[in-house]
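> Dropping in final.csv, with CSV, C-alpha atoms and all ligand atoms.
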chain,number,residue,atom,x,y,z
A,98,MET,CA,3.6,-16.1,28.1
A,99,LEU,CA,5.2,-14.9,24.9
A,100,PRO,CA,3.0,-14.4,21.8
A,101,LEU,CA,2.7,-17.5,19.7
A,102,SER,CA,2.4,-17.8,15.9
A,103,LEU,CA,2.1,-20.7,13.4
A,104,TYR,CA,4.1,-21.0,10.2
A,105,ILE,CA,2.9,-23.6,7.6
A,106,HIS,CA,5.1,-24.4,4.7
A,107,ILE,CA,3.9,-25.6,1.3
A,108,PRO,CA,7.0,-26.8,-0.5
A,109,TRP,CA,6.0,-27.0,-4.2
A,110,CYS,CA,6.2,-24.5,-7.1
A,111,ILE,CA,5.3,-25.0,-10.8
A,112,ARG,CA,9.0,-24.5,-11.5
A,113,LYS,CA,12.0,-23.2,-9.6
A,114,CYS,CA,12.9,-19.5,-10.1
A,115,PRO,CA,16.6,-19.1,-10.9
A,116,TYR,CA,17.2,-16.7,-7.9
A,117,CYS,CA,15.3,-18.6,-5.3
A,118,ASP,CA,16.9,-20.5,-2.4
A,119,PHE,CA,13.7,-21.2,-0.5
A,120,ASN,CA,12.7,-24.8,0.3
A,121,SER,CA,10.6,-25.1,-2.9
A,122,HIS,CA,10.5,-28.1,-5.2
A,123,LYS,CA,9.1,-28.6,-8.7
A,124,SER,CA,5.6,-29.9,-8.2
A,125,PRO,CA,4.7,-33.4,-9.3
A,126,ASP,CA,1.9,-33.8,-11.9
A,127,SER,CA,-0.6,-34.4,-9.2
A,128,LEU,CA,-0.1,-32.7,-5.8
A,129,PRO,CA,-0.5,-35.0,-2.8
A,130,GLU,CA,-2.7,-32.3,-1.1
A,131,LYS,CA,-4.7,-34.7,1.1
A,132,ASP,CA,-1.6,-36.6,2.4
A,133,TYR,CA,0.3,-33.4,2.9
A,134,VAL,CA,-2.4,-31.8,4.9
A,135,ASN,CA,-2.7,-34.9,7.0
A,136,ALA,CA,1.0,-34.8,7.6
A,137,LEU,CA,0.8,-31.1,8.6
A,138,LEU,CA,-1.8,-32.0,11.2
A,139,ALA,CA,0.1,-34.9,12.6
A,140,ASP,CA,3.2,-32.7,12.7
A,141,LEU,CA,1.3,-30.1,14.7
A,142,ALA,CA,-0.1,-32.7,17.0
A,143,THR,CA,3.4,-33.9,17.8
A,144,ASP,CA,4.6,-30.3,18.4
A,145,LEU,CA,1.7,-29.6,20.7
A,146,ASN,CA,2.7,-32.5,23.0
A,147,SER,CA,5.5,-30.3,24.3
A,148,VAL,CA,3.7,-26.9,24.3
A,149,PRO,CA,1.3,-25.8,27.0
A,150,PRO,CA,-1.9,-24.4,25.5
A,151,ARG,CA,-1.4,-20.8,24.2
A,152,GLU,CA,-3.4,-18.5,22.0
A,153,ILE,CA,-2.3,-18.2,18.4
A,154,HIS,CA,-2.0,-14.6,17.1
A,155,SER,CA,-1.1,-15.2,13.5
A,156,ILE,CA,-0.8,-17.9,10.9
A,157,PHE,CA,1.4,-17.6,7.8
A,158,ILE,CA,0.9,-20.1,4.9
A,159,GLY,CA,4.2,-19.7,3.0
A,160,GLY,CA,6.2,-21.5,0.4
A,161,GLY,CA,6.8,-22.5,-2.2
A,162,THR,CA,3.5,-21.6,-3.8
A,163,PRO,CA,0.6,-22.2,-1.3
A,164,SER,CA,-1.9,-21.0,-3.9
A,165,LEU,CA,-1.3,-24.4,-5.7
A,166,PHE,CA,-3.5,-26.0,-3.1
A,167,SER,CA,-7.3,-26.0,-3.5
A,168,ALA,CA,-9.6,-24.1,-1.2
A,169,ALA,CA,-11.0,-27.5,-0.1
A,170,ALA,CA,-7.6,-28.5,1.2
A,171,TYR,CA,-7.4,-25.3,3.3
A,172,GLU,CA,-10.9,-25.6,4.4
A,173,PHE,CA,-10.1,-29.0,6.0
A,174,LEU,CA,-6.7,-27.8,7.3
A,175,LEU,CA,-8.2,-24.7,9.0
A,176,SER,CA,-11.2,-26.5,10.4
A,177,GLN,CA,-8.8,-29.0,12.1
A,178,LEU,CA,-6.5,-26.3,13.3
A,179,LYS,CA,-9.4,-24.6,15.0
A,180,THR,CA,-10.0,-27.8,17.0
A,181,MET,CA,-6.3,-28.0,18.0
A,182,LEU,CA,-5.4,-24.4,18.7
A,183,LEU,CA,-7.0,-21.4,20.4
A,184,PHE,CA,-7.3,-18.7,17.7
A,185,SER,CA,-7.1,-15.1,18.9
A,186,PRO,CA,-10.2,-13.2,18.0
A,187,THR,CA,-8.1,-10.8,15.9
A,188,ILE,CA,-5.9,-13.5,14.3
A,189,GLU,CA,-4.1,-12.6,11.1
A,190,ILE,CA,-4.0,-15.4,8.6
A,191,THR,CA,-1.8,-14.7,5.6
A,192,MET,CA,-1.3,-16.7,2.5
A,193,GLU,CA,1.4,-16.3,-0.1
A,194,ALA,CA,0.2,-16.5,-3.7
A,195,ASN,CA,2.0,-16.5,-7.0
A,196,PRO,CA,0.3,-14.5,-9.8
A,197,GLY,CA,0.8,-17.4,-12.2
A,198,SER,CA,-1.5,-19.7,-10.2
A,199,VAL,CA,-4.5,-17.4,-9.7
A,200,GLU,CA,-8.1,-18.1,-10.3
A,201,GLN,CA,-10.8,-15.7,-9.2
A,202,GLN,CA,-12.9,-18.4,-7.8
A,203,ARG,CA,-10.1,-19.8,-5.7
A,204,PHE,CA,-9.1,-16.4,-4.2
A,205,THR,CA,-12.8,-15.8,-3.3
A,206,GLU,CA,-12.9,-19.2,-1.5
A,207,TYR,CA,-9.7,-18.6,0.3
A,208,ARG,CA,-11.0,-15.3,1.6
A,209,GLN,CA,-14.3,-16.9,2.7
A,210,LEU,CA,-12.3,-19.5,4.7
A,211,GLY,CA,-11.0,-16.7,6.9
A,212,ILE,CA,-7.7,-16.1,5.2
A,213,ASN,CA,-7.6,-12.4,5.8
A,214,ARG,CA,-4.3,-11.3,4.3
A,215,LEU,CA,-2.8,-12.1,0.9
A,216,SER,CA,0.8,-11.7,-0.1
A,217,LEU,CA,1.3,-11.6,-3.8
A,218,GLY,CA,4.7,-12.4,-5.3
A,219,ILE,CA,4.6,-9.8,-8.1
A,220,GLN,CA,8.4,-9.1,-8.3
A,221,SER,CA,8.1,-6.7,-11.2
A,222,PHE,CA,5.6,-5.4,-13.7
A,223,ASN,CA,8.2,-5.3,-16.5
A,224,ALA,CA,7.8,-8.1,-19.1
A,225,GLN,CA,11.5,-8.5,-19.7
A,226,HIS,CA,12.4,-8.6,-16.1
A,227,LEU,CA,9.7,-11.1,-15.3
A,228,LYS,CA,11.1,-13.3,-18.0
A,229,LYS,CA,14.7,-13.0,-16.9
A,230,LEU,CA,13.5,-13.9,-13.3
A,231,GLY,CA,12.0,-17.1,-14.7
A,232,ARG,CA,8.6,-16.2,-13.4
A,233,ILE,CA,5.6,-18.2,-14.6
A,234,HIS,CA,3.6,-15.0,-14.9
A,235,ASP,CA,3.7,-12.1,-17.2
A,236,GLU,CA,2.9,-8.4,-16.5
A,237,GLN,CA,-0.7,-8.8,-17.4
A,238,GLN,CA,-1.1,-11.7,-14.9
A,239,ALA,CA,0.5,-9.5,-12.3
A,240,HIS,CA,-2.2,-6.9,-12.8
A,241,GLN,CA,-4.9,-9.5,-12.9
A,242,ALA,CA,-3.8,-11.2,-9.7
A,243,ILE,CA,-4.1,-7.9,-7.8
A,244,GLU,CA,-7.5,-7.2,-9.2
A,245,ALA,CA,-8.6,-10.7,-8.4
A,246,ALA,CA,-7.4,-10.3,-4.8
A,247,ARG,CA,-9.4,-7.1,-4.4
A,248,LYS,CA,-12.5,-8.6,-6.0
A,249,ALA,CA,-12.2,-11.5,-3.6
A,250,GLY,CA,-12.4,-9.1,-0.7
A,251,PHE,CA,-8.8,-9.0,0.5
A,252,ASP,CA,-8.5,-5.6,2.2
A,253,ASN,CA,-5.1,-6.4,3.6
A,254,LEU,CA,-2.9,-7.0,0.7
A,255,ASN,CA,0.9,-7.2,0.4
A,256,LEU,CA,2.8,-7.0,-2.8
A,257,ASP,CA,6.3,-8.4,-3.0
A,258,ILE,CA,8.5,-6.3,-5.4
A,259,MET,CA,12.2,-6.9,-6.0
A,260,HIS,CA,14.7,-4.4,-7.2
A,261,GLY,CA,18.3,-4.5,-8.4
A,262,LEU,CA,17.3,-6.9,-11.1
A,263,PRO,CA,19.6,-8.0,-13.9
A,264,ASP,CA,19.9,-5.0,-16.4
A,265,GLN,CA,17.4,-3.0,-14.5
A,266,THR,CA,17.7,0.8,-14.8
A,267,ILE,CA,16.9,3.2,-11.9
A,268,GLU,CA,13.9,4.4,-13.9
A,269,GLN,CA,12.6,0.8,-14.4
A,270,GLY,CA,12.9,0.0,-10.7
A,271,ILE,CA,11.0,3.2,-9.8
A,272,ASN,CA,8.3,2.4,-12.4
A,273,ASP,CA,7.7,-1.0,-10.7
A,274,LEU,CA,7.1,0.8,-7.4
A,275,GLU,CA,4.9,3.5,-8.9
A,276,THR,CA,2.8,0.8,-10.6
A,277,ALA,CA,2.4,-1.1,-7.3
A,278,LEU,CA,1.4,2.1,-5.6
A,279,THR,CA,-1.5,2.7,-8.1
A,280,TYR,CA,-3.2,-0.3,-6.4
A,281,GLN,CA,-2.9,1.3,-3.0
A,282,PRO,CA,-1.8,-1.9,-1.2
A,283,GLU,CA,-1.8,-1.9,2.6
A,284,HIS,CA,1.7,-3.4,2.7
A,285,LEU,CA,4.7,-3.5,0.4
A,286,SER,CA,7.8,-5.7,0.7
A,287,TRP,CA,10.5,-4.1,-1.4
A,288,TYR,CA,13.5,-6.5,-1.5
A,289,GLN,CA,16.8,-6.0,-3.2
A,290,LEU,CA,17.6,-9.1,-5.2
A,291,THR,CA,20.4,-11.1,-3.6
A,292,ILE,CA,22.3,-13.7,-5.4
A,293,GLU,CA,22.2,-16.8,-3.2
A,294,PRO,CA,24.6,-19.8,-3.4
A,295,ASN,CA,22.9,-22.9,-4.7
A,296,THR,CA,20.8,-21.0,-7.2
A,297,ALA,CA,20.9,-20.9,-11.0
A,298,PHE,CA,21.7,-17.1,-10.9
A,299,TYR,CA,24.8,-17.8,-8.7
A,300,LYS,CA,26.3,-20.0,-11.5
A,301,GLU,CA,25.0,-17.7,-14.3
A,302,ASN,CA,26.2,-14.5,-12.7
A,303,PRO,CA,23.7,-12.1,-14.5
A,304,PRO,CA,24.7,-8.4,-15.0
A,305,LEU,CA,23.3,-6.6,-11.9
A,306,PRO,CA,23.1,-2.8,-11.6
A,307,SER,CA,26.2,-1.0,-10.3
A,308,GLU,CA,26.5,-0.2,-6.6
A,309,ASP,CA,25.9,3.5,-7.4
A,310,ASP,CA,22.7,2.7,-9.3
A,311,ALA,CA,21.5,0.4,-6.6
A,312,TYR,CA,22.1,3.1,-4.0
A,313,PHE,CA,20.3,5.8,-6.0
A,314,LEU,CA,17.4,3.5,-6.8
A,315,GLU,CA,17.0,2.7,-3.1
A,316,LYS,CA,17.1,6.3,-2.2
A,317,GLN,CA,14.5,7.4,-4.8
A,318,GLY,CA,12.3,4.4,-3.9
A,319,LEU,CA,12.4,5.2,-0.2
A,320,ASP,CA,11.4,8.8,-0.9
A,321,LEU,CA,8.6,7.7,-3.2
A,322,LEU,CA,7.2,5.3,-0.6
A,323,LYS,CA,7.4,7.9,2.1
A,324,LYS,CA,5.5,10.4,0.0
A,325,ALA,CA,2.9,7.8,-0.6
A,326,GLY,CA,2.3,7.5,3.1
A,327,PHE,CA,4.1,4.2,3.7
A,328,ILE,CA,6.1,3.8,6.9
A,329,ARG,CA,9.3,1.7,6.7
A,330,TYR,CA,9.1,-0.4,9.8
A,331,GLU,CA,11.7,-3.0,8.8
A,332,ILE,CA,14.6,-3.2,6.3
A,333,SER,CA,12.3,-4.2,3.4
A,334,ALA,CA,8.8,-3.9,4.8
A,335,PHE,CA,6.6,-0.8,4.4
A,336,ALA,CA,3.0,-0.4,5.6
A,337,HIS,CA,0.3,2.1,6.3
A,338,ASP,CA,-0.5,2.6,9.9
A,339,ASN,CA,-1.7,-0.5,11.7
A,340,LYS,CA,-1.1,-2.7,8.7
A,341,GLN,CA,2.3,-4.1,9.6
A,342,ALA,CA,2.6,-7.8,9.1
A,343,GLN,CA,1.8,-9.1,12.5
A,344,HIS,CA,3.3,-12.5,11.8
A,345,ASN,CA,6.6,-11.2,10.6
A,346,LEU,CA,6.7,-8.6,13.4
A,347,ASN,CA,6.5,-11.5,15.8
A,348,TYR,CA,9.7,-13.0,14.3
A,349,TRP,CA,11.5,-9.7,14.5
A,350,LEU,CA,10.4,-9.0,18.0
A,351,PHE,CA,11.8,-12.5,18.9
A,352,GLY,CA,8.4,-14.0,19.7
A,353,ASP,CA,7.7,-17.7,19.6
A,354,TYR,CA,6.3,-19.7,16.7
A,355,LEU,CA,5.5,-23.2,15.7
A,356,GLY,CA,6.7,-24.3,12.3
A,357,ILE,CA,5.0,-27.2,10.5
A,358,GLY,CA,5.6,-28.5,7.0
A,359,ALA,CA,8.7,-29.5,5.0
A,360,GLY,CA,11.8,-27.6,6.2
A,361,ALA,CA,9.7,-25.3,8.5
A,362,HIS,CA,11.5,-23.6,11.4
A,363,GLY,CA,10.1,-23.1,14.9
A,364,LYS,CA,11.2,-21.2,18.0
A,365,LEU,CA,9.8,-21.9,21.5
A,366,THR,CA,10.6,-20.5,24.9
A,367,THR,CA,10.0,-22.6,28.0
A,368,GLU,CA,11.2,-21.4,31.4
A,369,ASN,CA,14.0,-19.3,30.0
A,370,THR,CA,15.2,-21.9,27.5
A,371,VAL,CA,15.0,-21.0,23.8
A,372,GLN,CA,14.7,-24.0,21.5
A,373,ARG,CA,14.9,-23.9,17.7
A,374,THR,CA,13.4,-26.7,15.6
A,375,ARG,CA,13.5,-27.6,12.0
A,376,LYS,CA,11.5,-30.2,10.1
A,377,HIS,CA,12.8,-32.5,7.3
A,378,ARG,CA,13.3,-30.4,4.2
A,379,LEU,CA,12.5,-32.8,1.4
A,380,PRO,CA,8.7,-33.4,0.9
A,381,LYS,CA,9.4,-37.2,0.5
A,382,GLU,CA,11.3,-37.4,3.7
A,383,TYR,CA,8.8,-35.2,5.6
A,384,GLN,CA,5.9,-37.3,4.4
A,385,ASN,CA,7.7,-40.6,5.2
A,386,PRO,CA,5.6,-42.2,8.0
A,387,GLU,CA,8.7,-44.1,9.1
A,388,LYS,CA,10.5,-40.9,10.0
A,389,PRO,CA,9.8,-38.3,12.7
A,390,PHE,CA,8.9,-34.8,11.3
A,391,LEU,CA,11.6,-33.2,13.3
A,392,ALA,CA,15.1,-33.1,11.7
A,393,GLN,CA,16.9,-30.8,14.1
A,394,ILE,CA,16.4,-29.3,17.5
A,395,GLU,CA,18.9,-27.0,19.3
A,396,THR,CA,18.9,-25.0,22.5
A,397,VAL,CA,20.1,-21.4,22.2
A,398,THR,CA,21.8,-19.9,25.2
A,399,GLY,CA,24.1,-17.1,26.4
A,400,GLU,CA,26.0,-15.1,23.8
A,401,GLU,CA,24.3,-17.0,20.9
A,402,LEU,CA,20.9,-15.9,22.3
A,403,ILE,CA,22.0,-12.3,22.6
A,404,PHE,CA,23.2,-12.4,19.0
A,405,GLU,CA,19.9,-13.9,17.7
A,406,PHE,CA,17.9,-11.4,19.6
A,407,MET,CA,19.9,-8.5,18.0
A,408,LEU,CA,19.9,-10.1,14.6
A,409,ASN,CA,16.1,-9.9,14.6
A,410,THR,CA,15.4,-6.7,16.4
A,411,THR,CA,18.0,-4.6,14.4
A,412,ARG,CA,15.9,-5.3,11.4
A,413,LEU,CA,13.2,-3.0,12.9
A,414,GLU,CA,13.0,0.8,12.9
A,415,GLN,CA,11.2,1.1,16.2
A,416,ALA,CA,12.8,1.8,19.5
A,417,ILE,CA,13.4,-1.5,21.4
A,418,PRO,CA,12.9,-1.5,25.2
A,419,PHE,CA,15.5,-3.2,27.3
A,420,SER,CA,12.6,-5.0,29.0
A,421,LEU,CA,11.9,-6.8,25.8
A,422,PHE,CA,15.3,-8.3,25.8
A,423,SER,CA,14.9,-9.6,29.3
A,424,GLN,CA,11.4,-10.8,28.6
A,425,ARG,CA,12.4,-12.7,25.4
A,426,THR,CA,15.7,-14.1,26.5
A,427,GLY,CA,15.5,-14.4,30.3
A,428,LEU,CA,18.8,-12.6,30.5
A,429,SER,CA,19.5,-9.4,32.3
A,430,SER,CA,20.0,-6.4,29.9
A,431,THR,CA,23.3,-5.6,31.6
A,432,ALA,CA,24.6,-8.6,29.5
A,433,LEU,CA,23.8,-6.5,26.4
A,434,MET,CA,25.0,-3.1,27.6
A,435,PRO,CA,28.8,-3.2,26.7
A,436,LYS,CA,28.0,-4.2,23.1
A,437,LEU,CA,25.1,-1.6,22.9
A,438,LYS,CA,27.5,1.1,24.1
A,439,ASN,CA,30.0,0.1,21.5
A,440,ALA,CA,27.4,0.4,18.8
A,441,GLU,CA,26.3,3.8,20.1
A,442,ALA,CA,29.9,5.0,20.0
A,443,LYS,CA,29.9,4.0,16.3
A,444,LYS,CA,26.7,6.0,15.9
A,445,LEU,CA,24.9,2.9,14.6
A,446,ILE,CA,22.2,3.1,17.4
A,447,CYS,CA,21.1,5.7,19.9
A,448,LEU,CA,20.5,4.8,23.5
A,449,THR,CA,18.1,6.2,26.2
A,450,ASP,CA,17.7,5.0,29.8
A,451,THR,CA,15.0,2.5,28.7
A,452,HIS,CA,15.4,1.8,25.0
A,453,TRP,CA,17.8,1.6,22.0
A,454,GLN,CA,17.0,2.4,18.4
A,455,ILE,CA,18.8,2.0,15.1
A,456,THR,CA,20.1,5.2,13.5
A,457,PRO,CA,20.0,6.0,9.7
A,458,LEU,CA,23.7,5.1,9.7
A,459,GLY,CA,22.9,1.8,11.4
A,460,ARG,CA,20.3,1.1,8.8
A,461,ARG,CA,22.8,1.7,6.0
A,462,TYR,CA,25.3,-0.6,7.7
A,463,THR,CA,23.0,-3.1,9.3
A,464,ASN,CA,25.4,-6.0,8.7
A,465,ASP,CA,28.2,-4.2,10.5
A,466,LEU,CA,25.9,-3.4,13.3
A,467,GLN,CA,24.8,-7.0,13.7
A,468,ALA,CA,28.4,-8.2,13.5
A,469,LEU,CA,29.1,-6.2,16.7
A,470,PHE,CA,26.9,-8.7,18.6
A,471,LEU,CA,28.5,-11.9,17.3
A,472,PRO,CA,29.4,-14.3,20.1
A,501,LIG,C1,9.0,-17.1,0.0
A,501,LIG,S1,9.1,-16.2,-1.4
A,501,LIG,C2,7.7,-16.9,-2.0
A,501,LIG,C3,6.6,-16.1,-2.7
A,501,LIG,C4,6.0,-16.9,-3.9
A,501,LIG,N1,6.4,-18.2,-4.0
A,501,LIG,C5,6.4,-16.2,-5.1
A,501,LIG,O1,7.5,-16.2,-5.5
A,501,LIG,O2,5.5,-15.6,-5.8
A,501,LIG,C6,8.8,-14.5,-0.7
A,501,LIG,C7,9.5,-13.4,-1.5
A,501,LIG,O3,10.9,-13.4,-1.2
A,501,LIG,C8,11.4,-12.6,-2.3
A,501,LIG,N2,12.7,-13.3,-2.7
A,501,LIG,C9,12.9,-14.6,-3.0
A,501,LIG,N3,14.1,-14.8,-3.4
A,501,LIG,C10,14.8,-13.6,-3.3
A,501,LIG,C11,16.2,-13.2,-3.5
A,501,LIG,N4,17.1,-14.0,-3.9
A,501,LIG,N5,16.5,-11.9,-3.3
A,501,LIG,C12,15.5,-11.0,-2.8
A,501,LIG,N6,14.3,-11.4,-2.6
A,501,LIG,C13,13.9,-12.6,-2.8
A,501,LIG,C14,10.4,-12.5,-3.4
A,501,LIG,O4,10.0,-11.2,-3.5
A,501,LIG,C15,9.3,-13.5,-3.0
A,501,LIG,O5,8.1,-13.0,-3.4
A,502,LIG,S1,7.7,-19.2,-7.0
A,502,LIG,FE1,8.5,-18.3,-5.1
A,502,LIG,S2,9.1,-20.0,-3.8
A,502,LIG,FE2,8.7,-20.8,-5.9
A,502,LIG,S3,10.7,-20.9,-6.8
A,502,LIG,FE3,9.8,-18.9,-7.4
A,502,LIG,S4,10.5,-17.5,-5.8
A,502,LIG,FE4,10.9,-19.5,-5.0
Go ahead and render the structure in this file as structure tokens.
Ligand SMILES: C[S@@+](CC[C@H](N)C(=O)[O-])C[C@H]1O[C@@H](n2cnc3c(N)ncnc32)[C@H](O)[C@@H]1O
Ligand code: SF4

Amino acid sequence: MLPLSLYIHIPWCIRKCPYCDFNSHKSPDSLPEKDYVNALLADLATDLNSVPPREIHSIFIGGGTPSLFSAAAYEFLLSQLKTMLLFSPTIEITMEANPGSVEQQRFTEYRQLGINRLSLGIQSFNAQHLKKLGRIHDEQQAHQAIEAARKAGFDNLNLDIMHGLPDQTIEQGINDLETALTYQPEHLSWYQLTIEPNTAFYKENPPLPSEDDAYFLEKQGLDLLKKAGFIRYEISAFAHDNKQAQHNLNYWLFGDYLGIGAGAHGKLTTENTVQRTRKHRLPKEYQNPEKPFLAQIETVTGEELIFEFMLNTTRLEQAIPFSLFSQRTGLSSTALMPKLKNAEAKKLICLTDTHWQITPLGRRYTNDLQALFLP
């Protein structure tokens, strides 16, 4: 049996950030917490009709802004989940929180409910950059959110920081990282800002740092993180030993996951068939009792499956055993070999008898490496 995780999507935010293309919607004046939690549970019950009982290793409550929901809503949700699923004794339960929607009391209650990992969307500690990013929080609230998380007892804390921001200098980008490091988080996600279609930034086209500046900022940032004892284990993910995000690692190692909530994606393997699912994106549609939760289901096979496996695993720094490929796709690794050899010839990966592993050149040109595995 492949490991199984659960993703729960909360689709509302106080307002939409101009760079964000996640499935997040401006929250109504009064959030339909109770109805939405009931919909999540009904959605899961439907999913479980087609999944044999399996232990759940991680839960990720993402968004949107999950910290808009009360602790009472999560208390009910988690208590019901425990009756429907078998929780692993070492389950990781992460919640994303936005520093603009933080109350000490709420954080303390979340922690008491068994949510044992918090991911804070800090983005930057620089007042001007936070403003330009349209964040609802300022730099003081960024600091307060971290302090509140620690005070609440979160000893597994991730900070999301973005770099390559409009008008950001190398020094400012490094300052953000240095400030984050003063809090000694267990995990850091350091993302380069990407300008996504269908966002306000795409239309506005704000002045981004030059390619050279972006390159030197990344180089200096990576050195700084390394010196601080962080191990880069994925393109944008850095952690101290044993503090990698188990939920995200499961995605990148091509494990299975259920996805409940508006727009949530799922992946399930049954007898060598990989199926991908997606739920209705718009909260109204998702919560419409006349409609099924499921909006899309597709079976992934052959070359497409090889590509998807590589798209995920090339994000990781670790050596990937060929046996993982066979285990997760049901295909023989000989199907993968010609393309791996091609990537090795281009020095993008190195190969042994049992494993392949990305090289520094492969990391620099990850998109080119992944393109070699296109169907
Ligand atoms: C699903 S988002 C939600 C977190 C939370 N809603 C928040 O913003 O505080 C997770 C993270 O993805 C990153 N992110 C979002 N849009 C991005 C973009 N266009 N480019 C790079 N990183 C992005 C941000 O760091 C964000 O914290
Ligand atoms: S708070 Fe997070 S999810 Fe919401 S719009 Fe901003 S970046 Fe997107």
> Could you tell me which of A:Gly352, A:Gly159, A:Pro435, A:Pro294 comes closest to Asp118 in chain A if we count all atoms listed in the file?
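Distance minimum relative to Asp118 in chain A lands on A:Pro294.
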> Range 310-327 of chain A: which residues within 7 Å, counting only C-alpha atoms, same-chain residues fewer than 3 positions away excluded, as a ChimeraX atom specification?
/A:261,267,270-271,306-307,335-337
> Write out as an mmCIF file with C-alpha atoms, in the coordinates of the input which residues come within 12 Å of Val371 in chain A when counting all atoms listed in the file, dropping same-chain ones fewer than 6 positions away.

data_model
loop_
_atom_site.group_PDB
_atom_site.id
_atom_site.type_symbol
_atom_site.label_atom_id
_atom_site.label_comp_id
_atom_site.auth_asym_id
_atom_site.auth_seq_id
_atom_site.Cartn_x
_atom_site.Cartn_y
_atom_site.Cartn_z
ATOM 1 C CA LEU A 99 5.200 -14.900 24.900
ATOM 2 C CA PHE A 351 11.800 -12.500 18.900
ATOM 3 C CA GLY A 352 8.400 -14.000 19.700
ATOM 4 C CA ASP A 353 7.700 -17.700 19.600
ATOM 5 C CA TYR A 354 6.300 -19.700 16.700
ATOM 6 C CA GLY A 363 10.100 -23.100 14.900
ATOM 7 C CA LYS A 364 11.200 -21.200 18.000
ATOM 8 C CA LEU A 365 9.800 -21.900 21.500
ATOM 9 C CA ILE A 394 16.400 -29.300 17.500
ATOM 10 C CA GLU A 395 18.900 -27.000 19.300
ATOM 11 C CA THR A 396 18.900 -25.000 22.500
ATOM 12 C CA VAL A 397 20.100 -21.400 22.200
ATOM 13 C CA THR A 398 21.800 -19.900 25.200
ATOM 14 C CA GLY A 399 24.100 -17.100 26.400
ATOM 15 C CA GLU A 401 24.300 -17.000 20.900
ATOM 16 C CA LEU A 402 20.900 -15.900 22.300
ATOM 17 C CA ILE A 403 22.000 -12.300 22.600
ATOM 18 C CA GLU A 405 19.900 -13.900 17.700
ATOM 19 C CA PHE A 406 17.900 -11.400 19.600
ATOM 20 C CA GLN A 424 11.400 -10.800 28.600
ATOM 21 C CA ARG A 425 12.400 -12.700 25.400
ATOM 22 C CA THR A 426 15.700 -14.100 26.500
ATOM 23 C CA GLY A 427 15.500 -14.400 30.300
ATOM 24 C CA LEU A 428 18.800 -12.600 30.500
#
> So that I can check the surroundings of Leu448 in chain A, please list as a list in words every protein, DNA and RNA residue that reaches within 12 Å of it, counting only C-alpha atoms and ignoring chain neighbours fewer than 3 positions away.
Ala416, Ile417, Pro418, Phe419, Met434, Pro435, Lys436, Leu437, Lys438, Asn439, Ala440, Glu441, Ala442, Lys443, Lys444, Leu445, Thr451, His452, Trp453, Gln454, Ile455 and Thr456 of chain A
> Neighbours of ligand LIG 501 (chain A) at 9 Å or closer, counting all atoms listed in the file: which residues, as an MDAnalysis selection string?
chainID A and resid 109:110 114:121 159:164 193:197 216:220 232 256:260 286:293 296 298
> Padding 8 Å on every side, please: axis-aligned box over the listed atoms of ligand LIG 502 (chain A), centre and edge lengths to one decimal in Å, as AutoDock Vina command-line options.

--center_x 9.3 --center_y -19.2 --center_z -5.6 --size_x 19.2 --size_y 19.4 --size_z 19.6
> For the atom pair CA of Leu379 in chain A and CA of Leu210 in chain A, what is the interatomic distance in Å to one decimal place?
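We find that CA of Leu379 in chain A and CA of Leu210 in chain A lie 28.3 Å from each other.
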> Can you tell me how far CA of Gln201 in chain A sits from CA of Ala245 in chain A, in Å to one decimal?
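About the pair CA of Gln201 in chain A and CA of Ala245 in chain A: they are 5.5 Å apart.
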> Could you check how far CA of Thr143 in chain A sits from CA of Phe390 in chain A, in Å to one decimal?
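Interatomic distance here is 8.6 Å.
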> Within 9 Å of (13.5, -27.5, 3.1) (file coordinates; all atoms listed in the file), which protein or nucleic acid residues are there? I'd like them as a CSV table (one decimal) with C-alpha atoms, keeping the file's coordinate frame.

chain,number,residue,atom,x,y,z
A,108,PRO,CA,7.0,-26.8,-0.5
A,119,PHE,CA,13.7,-21.2,-0.5
A,120,ASN,CA,12.7,-24.8,0.3
A,121,SER,CA,10.6,-25.1,-2.9
A,122,HIS,CA,10.5,-28.1,-5.2
A,358,GLY,CA,5.6,-28.5,7.0
A,359,ALA,CA,8.7,-29.5,5.0
A,360,GLY,CA,11.8,-27.6,6.2
A,361,ALA,CA,9.7,-25.3,8.5
A,375,ARG,CA,13.5,-27.6,12.0
A,376,LYS,CA,11.5,-30.2,10.1
A,377,HIS,CA,12.8,-32.5,7.3
A,378,ARG,CA,13.3,-30.4,4.2
A,379,LEU,CA,12.5,-32.8,1.4
A,380,PRO,CA,8.7,-33.4,0.9
> Tell me which of A:Pro150, A:Gly211, A:Gly231, A:Pro457 sits closest to ligand LIG 502 (chain A), counting only C-alpha atoms and all ligand atoms.
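Selected residue with least distance to ligand LIG 502 (chain A): A:Gly231.
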> Using all atoms listed in the file, pick whichever of A:Asn135, A:Gln225, A:Gln265, A:Ser185 has the shortest atom-to-atom distance to Leu101 in chain A.
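Answer, going by the shortest atom-to-atom distance: A:Ser185.
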> Measuring atom to atom with only C-alpha atoms and all ligand atoms, identify which of A:Asp252, A:Phe222, A:His240, A:Ala297 is nearest to ligand LIG 502 (chain A).
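Using only C-alpha atoms and all ligand atoms, the shortest distance to ligand LIG 502 (chain A) belongs to A:Ala297.
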